[in-house]
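J.: Contents of upload-v3.cif (mmCIF, C-alpha atoms) are given next:
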```cif
data_run
#
loop_
_atom_site.label_atom_id
_atom_site.label_comp_id
_atom_site.auth_asym_id
_atom_site.auth_seq_id
_atom_site.Cartn_x
_atom_site.Cartn_y
_atom_site.Cartn_z
CA ALA V 1 113.32 37.48 13.05
CA THR V 2 112.05 40.01 15.55
CA VAL V 3 112.89 40.02 19.24
CA GLY V 4 109.87 41.76 20.73
CA GLY V 5 109.23 43.58 23.97
CA ARG V 6 111.17 46.36 25.67
CA TRP V 7 113.35 44.45 28.08
CA SER V 8 116.35 46.02 29.72
CA ALA V 9 119.70 45.13 28.15
CA TRP V 10 123.24 45.82 29.23
CA SER V 11 126.22 46.05 26.92
CA ALA V 12 129.84 46.77 27.80
CA SER V 13 131.42 49.94 26.48
CA ARG V 14 135.17 50.29 26.32
CA PRO V 15 136.24 53.74 25.07
CA ALA V 16 139.65 53.79 23.46
CA ARG V 17 142.29 56.23 24.59
CA LYS V 18 143.61 58.50 21.85
CA PRO V 19 147.34 59.20 21.83
CA ALA V 20 147.87 62.94 22.13
CA ALA V 21 150.02 63.03 19.00
CA ASP V 22 147.44 61.42 16.73
CA PRO V 23 145.55 63.74 14.37
CA PRO V 24 141.76 63.87 14.74
CA ALA V 25 139.71 61.58 12.53
CA PRO V 26 138.32 63.35 9.43
CA GLN V 27 134.71 64.53 9.62
CA ARG V 28 132.41 62.75 7.17
CA ASP V 29 128.84 63.13 6.02
CA PRO V 30 126.89 60.43 7.97
CA LYS V 31 124.83 59.50 4.88
CA LYS V 32 127.94 59.09 2.72
CA ALA V 33 129.66 57.13 5.49
CA SER V 34 126.66 54.80 5.80
CA THR V 35 126.59 54.20 2.04
CA SER V 36 130.33 53.58 1.97
CA LEU V 37 130.10 51.12 4.87
CA ARG V 38 127.21 49.25 3.27
CA ARG V 39 129.11 48.90 0.00
CA ALA V 40 132.17 47.60 1.81
CA THR V 41 130.04 45.15 3.83
CA VAL V 42 128.26 43.91 0.71
CA ALA V 43 131.61 43.44 -1.06
CA ALA V 44 133.03 41.52 1.91
CA LEU V 45 130.02 39.27 2.41
CA SER V 46 129.41 38.61 -1.29
CA GLY V 47 132.74 36.83 -1.48
CA LEU V 48 131.43 34.33 1.08
CA GLY V 49 128.42 33.17 -0.92
CA ALA V 50 129.99 29.82 -1.74
CA ASP V 51 130.67 29.02 1.92
CA ARG V 52 127.63 27.00 2.96
CA ARG V 53 128.85 26.74 6.57
CA LEU V 54 128.64 30.45 7.27
CA VAL V 55 125.65 31.89 9.10
CA VAL V 56 125.39 35.67 9.49
CA ILE V 57 123.29 37.18 12.29
CA LEU V 58 122.90 40.95 12.53
CA GLY V 59 121.32 43.12 15.22
CA GLY V 60 120.04 46.63 14.54
CA GLU V 61 117.40 49.23 15.30
CA GLY V 62 114.73 50.35 12.86
CA LYS V 63 115.20 49.64 9.16
CA GLY V 64 118.11 47.30 8.46
CA GLN V 65 120.23 47.22 5.32
CA ASP V 66 119.05 44.91 2.55
CA PHE V 67 121.52 42.04 2.45
CA SER V 68 119.05 39.55 0.92
CA PRO V 69 120.81 39.35 -2.50
CA LEU V 70 123.87 37.94 -0.71
CA ALA V 71 122.17 34.95 0.89
CA ALA V 72 123.55 31.62 -0.29
CA PRO V 73 121.14 28.87 -1.40
CA VAL V 74 119.72 27.06 1.61
CA VAL V 75 121.05 23.58 2.26
CA ALA V 76 118.34 21.17 3.39
CA GLY V 77 118.61 19.56 6.80
CA ASP V 78 118.82 20.63 10.42
CA PRO V 79 119.26 24.36 11.20
CA ALA V 80 122.84 25.57 11.39
CA VAL V 81 122.06 27.56 14.55
CA ARG V 82 119.26 26.70 16.95
CA ILE V 83 118.31 28.94 19.87
CA SER V 84 116.05 26.88 22.11
CA HIS V 85 114.03 28.48 24.94
CA VAL V 86 116.87 30.83 25.91
CA SER V 87 116.32 33.15 28.86
CA LYS V 88 118.57 35.73 30.51
CA ARG V 89 118.35 38.29 33.28
CA PHE V 90 121.04 40.26 35.10
CA GLY V 91 120.92 39.92 38.88
CA THR V 92 117.53 40.89 40.27
CA GLY V 93 116.73 43.16 37.32
CA PRO V 94 114.00 42.61 34.75
CA VAL V 95 114.09 39.67 32.34
CA VAL V 96 116.09 40.57 29.22
CA LEU V 97 115.41 37.40 27.20
CA ASP V 98 112.25 35.47 27.95
CA ASP V 99 112.00 31.99 26.40
CA ILE V 100 113.49 32.92 23.00
CA SER V 101 113.51 30.19 20.33
CA LEU V 102 114.82 30.62 16.78
CA ASP V 103 116.09 28.31 14.03
CA ILE V 104 118.58 29.76 11.53
CA GLU V 105 119.18 27.83 8.33
CA ARG V 106 122.60 27.27 6.80
CA GLY V 107 123.72 29.95 4.36
CA LYS V 108 121.12 32.43 5.62
CA LEU V 109 121.54 36.06 6.65
CA THR V 110 119.27 36.69 9.65
CA THR V 111 118.51 40.11 11.13
CA LEU V 112 117.24 40.77 14.67
CA LEU V 113 115.19 43.98 14.60
CA GLY V 114 113.85 45.87 17.58
CA PRO V 115 114.04 49.08 19.63
CA SER V 116 116.98 49.92 21.85
CA GLY V 117 116.98 47.82 25.01
CA CYS V 118 114.85 44.94 23.70
CA GLY V 119 117.65 42.35 24.04
CA LYS V 120 119.31 42.11 20.60
CA THR V 121 122.86 42.52 21.90
CA THR V 122 122.18 40.20 24.84
CA LEU V 123 120.97 37.45 22.50
CA LEU V 124 124.01 37.85 20.23
CA ARG V 125 126.31 37.67 23.26
CA CYS V 126 124.55 34.52 24.48
CA ILE V 127 125.10 32.94 21.05
CA ALA V 128 128.75 33.99 21.16
CA GLY V 129 129.22 32.70 24.70
CA PHE V 130 130.07 36.03 26.32
CA TYR V 131 126.99 35.64 28.53
CA ASP V 132 125.80 32.42 30.16
CA CYS V 133 122.17 31.56 29.47
CA ASP V 134 119.97 31.29 32.56
CA GLY V 135 117.88 28.73 30.72
CA GLY V 136 117.63 27.05 27.34
CA ARG V 137 120.30 25.93 24.87
CA VAL V 138 122.35 27.23 21.93
CA LEU V 139 123.26 24.67 19.25
CA PHE V 140 125.47 24.86 16.15
CA ASP V 141 124.76 22.00 13.72
CA GLN V 142 123.18 20.02 16.58
CA ASP V 143 126.31 20.47 18.71
CA ASP V 144 125.30 21.85 22.11
CA MET V 145 127.40 25.01 22.57
CA THR V 146 125.55 26.30 25.66
CA HIS V 147 128.48 25.73 28.01
CA VAL V 148 131.33 25.82 25.45
CA PRO V 149 133.81 28.70 25.98
CA THR V 150 133.69 31.50 23.40
CA HIS V 151 137.14 30.74 21.99
CA HIS V 152 136.02 27.20 21.12
CA ARG V 153 132.79 28.21 19.33
CA ASP V 154 134.42 29.26 16.03
CA ILE V 155 132.48 32.52 15.78
CA GLY V 156 133.38 35.95 14.47
CA MET V 157 131.81 39.06 15.99
CA VAL V 158 131.64 42.74 15.09
CA PHE V 159 130.89 44.67 18.28
CA GLN V 160 128.74 47.78 18.68
CA ASP V 161 131.77 49.80 19.78
CA TYR V 162 134.08 47.91 17.34
CA ALA V 163 136.41 46.91 20.25
CA LEU V 164 139.58 47.62 18.27
CA PHE V 165 142.94 47.69 20.06
CA PRO V 166 143.92 51.39 20.12
CA ASP V 167 147.64 50.59 20.21
CA LYS V 168 147.54 48.33 17.14
CA SER V 169 147.42 49.24 13.45
CA ALA V 170 144.59 48.15 11.17
CA PHE V 171 146.78 45.27 9.98
CA ASP V 172 147.61 44.09 13.51
CA ASN V 173 143.98 44.39 14.64
CA VAL V 174 142.84 42.15 11.78
CA ALA V 175 145.75 39.75 12.33
CA TYR V 176 145.06 39.28 16.05
CA GLY V 177 142.80 36.23 15.70
CA LEU V 178 145.17 34.57 13.24
CA HIS V 179 148.11 35.06 15.62
CA ALA V 180 146.04 33.38 18.35
CA ARG V 181 145.44 30.46 15.99
CA LYS V 182 149.18 30.26 15.19
CA ILE V 183 148.67 30.71 11.45
CA PRO V 184 152.03 30.73 9.54
CA LYS V 185 153.36 34.24 8.83
CA VAL V 186 153.14 34.06 5.04
CA GLU V 187 149.52 32.82 5.09
CA LEU V 188 148.65 35.31 7.84
CA ARG V 189 149.90 38.26 5.81
CA GLU V 190 148.07 37.09 2.69
CA ARG V 191 144.78 36.61 4.53
CA VAL V 192 144.97 39.94 6.38
CA ASN V 193 145.81 41.89 3.22
CA ALA V 194 142.99 40.14 1.34
CA ALA V 195 140.48 40.92 4.13
CA LEU V 196 141.46 44.60 4.27
CA ASP V 197 141.32 44.85 0.49
CA LYS V 198 137.83 43.30 0.48
CA VAL V 199 136.50 46.02 2.79
CA GLY V 200 138.28 48.79 0.86
CA LEU V 201 141.04 49.53 3.37
CA ALA V 202 144.13 48.11 1.65
CA HIS V 203 145.68 51.58 1.68
CA LEU V 204 145.24 52.03 5.46
CA THR V 205 147.04 48.96 6.81
CA ASP V 206 149.43 51.02 8.98
CA ARG V 207 146.85 53.45 10.32
CA TYR V 208 145.73 53.33 13.98
CA PRO V 209 142.08 53.46 15.13
CA ALA V 210 142.37 57.04 16.40
CA GLN V 211 143.49 58.09 12.92
CA MET V 212 140.45 56.56 11.18
CA SER V 213 136.84 57.61 10.76
CA GLY V 214 134.03 55.66 12.43
CA GLY V 215 133.14 53.88 9.19
CA GLN V 216 136.76 52.87 8.62
CA ARG V 217 137.04 51.49 12.16
CA GLN V 218 133.87 49.47 11.64
CA ARG V 219 135.29 48.03 8.43
CA VAL V 220 138.47 47.01 10.26
CA ALA V 221 136.26 45.24 12.82
CA LEU V 222 134.39 43.49 9.98
CA ALA V 223 137.66 42.38 8.34
CA ARG V 224 138.90 41.05 11.70
CA ALA V 225 135.74 38.96 12.10
CA LEU V 226 135.88 37.59 8.54
CA VAL V 227 139.59 36.81 8.32
CA ILE V 228 139.35 33.87 10.74
CA ARG V 229 136.77 32.21 8.45
CA PRO V 230 134.19 31.72 11.21
CA ARG V 231 131.45 29.14 11.45
CA VAL V 232 128.98 31.84 12.53
CA LEU V 233 129.36 35.61 12.01
CA LEU V 234 127.62 37.91 14.50
CA MET V 235 127.37 41.66 13.75
CA ASP V 236 126.00 43.93 16.45
#
```
Just give me the structure of the file as structure tokens.
T.:
Amino acid sequence: ATVGGRWSAWSASRPARKPAADPPAPQRDPKKASTSLRRATVAALSGLGADRRLVVILGGEGKGQDFSPLAAPVVAGDPAVRISHVSKRFGTGPVVLDDISLDIERGKLTTLLGPSGCGKTTLLRCIAGFYDCDGGRVLFDQDDMTHVPTHHRDIGMVFQDYALFPDKSAFDNVAYGLHARKIPKVELRERVNAALDKVGLAHLTDRYPAQMSGGQRQRVALARALVIRPRVLLMD
């Protein structure tokens, strides 16, 4: 799906503080890092093919990665996610989302493509519940989620800036959502280790964000979103 136009969009940025004692993250070739991240993402998502509940929505500029081989067979029936006439503007600024409607089928991977500032992040945040829609509705399996708090929507999200806790290790960052859900310790450890292994970071469980490369931090964020077994996965 394409979100057209060049509307203004706002997204929060929360730079992490680096402890003075931490060594700098290793420098990596951007092309190699991108390839490594794609392989890890493919490996993580391919293990979810049998989960017909999961819907994956990605936002990106320009040419997106080809995730089509990972899409699960479509299950007939109503769309798993329906965005109906959603609109959003911030204060008296320009309209960011103008009457956006989109049906996303169960088991599908859907990509929102468009230039910077066209509203991709804003739409993802409306689906997640971080932003209130000015108009329209967001439905999951015909359940109206428009006014449901984010923590009750059963979604996982990978943020643009990763939003990792700088004072927590990779393991503790991934485990955060499971702690909030009061998952038993033995199951929690098994699920976190499995998620980190799936994205190729089983050997970095004790490392902190400031000690990891950008690609490694993004993979931690992906593992954190997947480990809770979300109903809808949003990747910005």
J.: With segment 211-228 of chain V as the partner and 6 Å as the cut-off, tabulate the residues of segment 77-173 of chain V that qualify, each row holding the nearest pair of atoms and their distance in Å to one decimal, using all atoms listed in the file, sorted by chain and rising number, as a Markdown table.
T.:
```
| residue | atom | partner | partner_atom | distance |
| --- | --- | --- | --- | --- |
| V:Gly156 | CA | V:Ala225 | CA | 4.5 |
| V:Met157 | CA | V:Ala225 | CA | 5.5 |
| V:Val158 | CA | V:Ala221 | CA | 5.7 |
| V:Tyr162 | CA | V:Ala221 | CA | 5.7 |
```
J.: So the first atom is atom CA of Leu204 of chain V and the second is atom CA of His151 of chain V; what is the distance between them in Å, to one decimal place?
T.: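 Interatomic distance here is 28.1 Å.
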J.: Between V:Lys198, V:Arg82, V:Lys168, V:Arg106, which one has atoms that come closest to Ile127 of chain V, using all atoms listed in the file?
T.: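 Closest to Ile127 of chain V, using all atoms listed in the file: V:Arg82.
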J.: Give as a PyMOL selection string the residues that the PyMOL selection byres ((chain V and resi 132) around 8) matches when applied to the coordinates above.
T.: chain V and resi 88+126+129-131+133-134+146-147
J.: Of the candidates V:Thr205, V:Met145, V:Thr110, V:Arg189, which shows the shortest atom-to-atom distance to Phe171 of chain V, using only C-alpha atoms?
T.: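 Smallest distance to Phe171 of chain V is found for V:Thr205.
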J.: Provide the atom CA of His152 of chain V to atom CA of Arg231 of chain V distance in Å, to one decimal place.
T.: 10.9 Å
J.: Just the number, please: distance in Å from atom CA of Gly136 of chain V to atom CA of Ser87 of chain V, one decimal.
T.: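 Separation of atom CA of Gly136 of chain V and atom CA of Ser87 of chain V: 6.4 Å.
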J.: Applied to this file, what does the PyMOL selection byres ((chain V and resi 84) around 8) return in terms of residues, put as a list in words?
T.: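 Output of the PyMOL selection byres ((chain V and resi 84) around 8): Arg82, Ile83, His85, Val86, Asp99, Ile100, Ser101, Leu102, Gly136, Arg137 and Val138 of chain V.
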J.: Can you turn the PyMOL selection byres ((chain V and resi 80) around 6) into a concrete residue list for this file, as JSON, numbers by chain?
T.: {"V": [79, 81, 104, 105, 106, 140, 141]}
J.: Could those residues be written to a file, using C-alpha atoms, as an mmCIF file, in the frame of the given file?
T.:
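Done, and the output landed in selection.cif:
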```cif
data_model
loop_
_atom_site.group_PDB
_atom_site.id
_atom_site.type_symbol
_atom_site.label_atom_id
_atom_site.label_comp_id
_atom_site.auth_asym_id
_atom_site.auth_seq_id
_atom_site.Cartn_x
_atom_site.Cartn_y
_atom_site.Cartn_z
ATOM 1 C CA PRO V 79 119.260 24.360 11.200
ATOM 2 C CA VAL V 81 122.060 27.560 14.550
ATOM 3 C CA ILE V 104 118.580 29.760 11.530
ATOM 4 C CA GLU V 105 119.180 27.830 8.330
ATOM 5 C CA ARG V 106 122.600 27.270 6.800
ATOM 6 C CA PHE V 140 125.470 24.860 16.150
ATOM 7 C CA ASP V 141 124.760 22.000 13.720
#
```
J.: Nearest to Ala175 of chain V: which of V:Pro94, V:Thr150, V:Leu124, V:Leu188 is it, counting only C-alpha atoms?
T.: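 Of V:Pro94, V:Thr150, V:Leu124, V:Leu188, the one nearest Ala175 of chain V, counting only C-alpha atoms, is V:Leu188.
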